[in-house]
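Here's the structure we're looking at; comments come further down.
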Amino acid sequence: MQWELRTEKGQPVELPLEVTSFRGGLATIVDAQPPQHPGSTGRVFTHAGGEYFPSVYGLQWVKVQEEDGELNAAVRLMSRIGGSFAAALAAAYWAADSDNRARILAGWPDLIERYRRMAQGGADD
């Protein structure tokens, strides 16, 4: 198992990240520490040296299976470098429940696999 920092909508976070706290304060998160034990929520660290609970900025740590981590890396890559269709499909994936995520994976397996290989450092076909 590994941990992934995500937004309230379930989208993985990439650092640095500009955020707004629940009090309206602006900050840039530059580092994060996953939970160290079951009762922990982990921490996020700001550019100004602050250490906060992730929930202050609407974030949370989520446990993911290793294969989920690889899939999530592929979907993040689709968001960043994919064309408009791949980026829209990635956005739909993050917004979807588990049933609809399965539909997305089943509907475009070649596209997902292409970005999975790229995320693992493989060549693009």
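Following the order of the structure tokens, chains are lettered A, B, ..., residues in each are numbered from 1, and ligands are numbered from 1.
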Mind dumping a table of every range 45-108 of chain A residue within 8 Å of range 10-29 of chain A, with the nearest atom pair and its distance in Å to one decimal, using only C-alpha atoms, sorted by chain and rising number, as a tab-separated table?
```
residue	atom	partner	partner_atom	distance
A:Phe45	CA	A:Ile29	CA	5.6
A:Thr46	CA	A:Ile29	CA	4.3
A:His47	CA	A:Thr28	CA	5.6
A:Ala48	CA	A:Ala27	CA	7.9
A:Val56	CA	A:Ser21	CA	5.4
A:Tyr57	CA	A:Ser21	CA	4.5
A:Gly58	CA	A:Ser21	CA	7.3
A:Asn72	CA	A:Pro12	CA	7.7
A:Arg76	CA	A:Pro12	CA	7.7
A:Trp94	CA	A:Gln11	CA	5.5
A:Ala95	CA	A:Gly10	CA	7.4
```
Output N, CA and C atoms for every residue in the selection just made, as a compact mmCIF listing (two decimals), in the first residue's frame.
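Output contents, as saved in result.txt:
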```
# COMPACT_ATOMS: atom_id res chain seq x y z
N PHE A 45 2.99 20.97 4.32
CA PHE A 45 3.92 22.04 4.69
C PHE A 45 3.87 23.14 3.63
N THR A 46 3.79 24.38 4.09
CA THR A 46 3.66 25.51 3.17
C THR A 46 5.00 26.18 2.92
N HIS A 47 5.02 27.02 1.88
CA HIS A 47 6.23 27.75 1.52
C HIS A 47 6.70 28.67 2.63
N ALA A 48 5.78 29.09 3.49
CA ALA A 48 6.12 30.00 4.59
C ALA A 48 6.61 29.25 5.82
N VAL A 56 -7.20 21.37 6.52
CA VAL A 56 -7.24 22.83 6.54
C VAL A 56 -7.36 23.36 5.12
N TYR A 57 -6.78 22.63 4.16
CA TYR A 57 -6.80 23.05 2.76
C TYR A 57 -7.68 22.16 1.89
N GLY A 58 -8.58 21.41 2.52
CA GLY A 58 -9.50 20.57 1.76
C GLY A 58 -8.82 19.37 1.13
N ASN A 72 -3.25 5.78 -11.44
CA ASN A 72 -3.41 7.20 -11.14
C ASN A 72 -2.30 8.03 -11.79
N ARG A 76 -3.03 11.05 -14.33
CA ARG A 76 -2.43 12.38 -14.12
C ARG A 76 -1.68 12.82 -15.37
N TRP A 94 -11.59 11.30 -12.62
CA TRP A 94 -11.48 11.79 -11.23
C TRP A 94 -12.85 12.09 -10.65
N ALA A 95 -13.78 12.51 -11.45
CA ALA A 95 -15.11 12.86 -10.95
C ALA A 95 -16.01 11.65 -10.78
```
Test item: residues at most 12 Å from Trp61 in chain A, only C-alpha atoms, excluding those fewer than 6 positions along its chain, as a PyMOL selection string: chain A and resi 2-8+10-13+32-36+38+40-44+53-55
Separation of CA of Arg116 in chain A from CA of Ala74 in chain A, in Å and rounded to one decimal: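 Rounded to one decimal, the two atoms are 4.5 Å apart.
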Between CA of Leu77 in chain A and CA of Ala96 in chain A, distance in Å (one decimal): 17.5 Å
Selection near Met78 in chain A, 8 Å with only C-alpha atoms, sequence-local residues under 5 positions removed, as a list in words: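 Residues near the query, excluding close chain neighbours: Gly83, Ala86, Ala87, Ala90 and Tyr115 of chain A.
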Hey, can you spit out that residue selection with N, CA and C atoms as a short mmCIF file (atom, residue, chain, number, x, y, z; two decimals), in the first residue's frame?
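The resulting selection_36.cif:
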```cif
data_model
loop_
_atom_site.label_atom_id
_atom_site.label_comp_id
_atom_site.auth_asym_id
_atom_site.auth_seq_id
_atom_site.Cartn_x
_atom_site.Cartn_y
_atom_site.Cartn_z
N GLY A 83 -4.01 15.14 -25.18
CA GLY A 83 -4.82 16.05 -25.99
C GLY A 83 -6.12 16.37 -25.27
N ALA A 86 -8.09 13.17 -24.14
CA ALA A 86 -7.45 12.46 -23.02
C ALA A 86 -7.59 13.25 -21.73
N ALA A 87 -7.42 14.57 -21.80
CA ALA A 87 -7.56 15.41 -20.61
C ALA A 87 -8.99 15.40 -20.10
N ALA A 90 -9.61 12.10 -18.43
CA ALA A 90 -8.98 12.10 -17.10
C ALA A 90 -9.84 12.86 -16.09
N TYR A 115 -0.83 5.64 -21.79
CA TYR A 115 -0.36 6.59 -20.79
C TYR A 115 0.25 5.88 -19.58
#
```
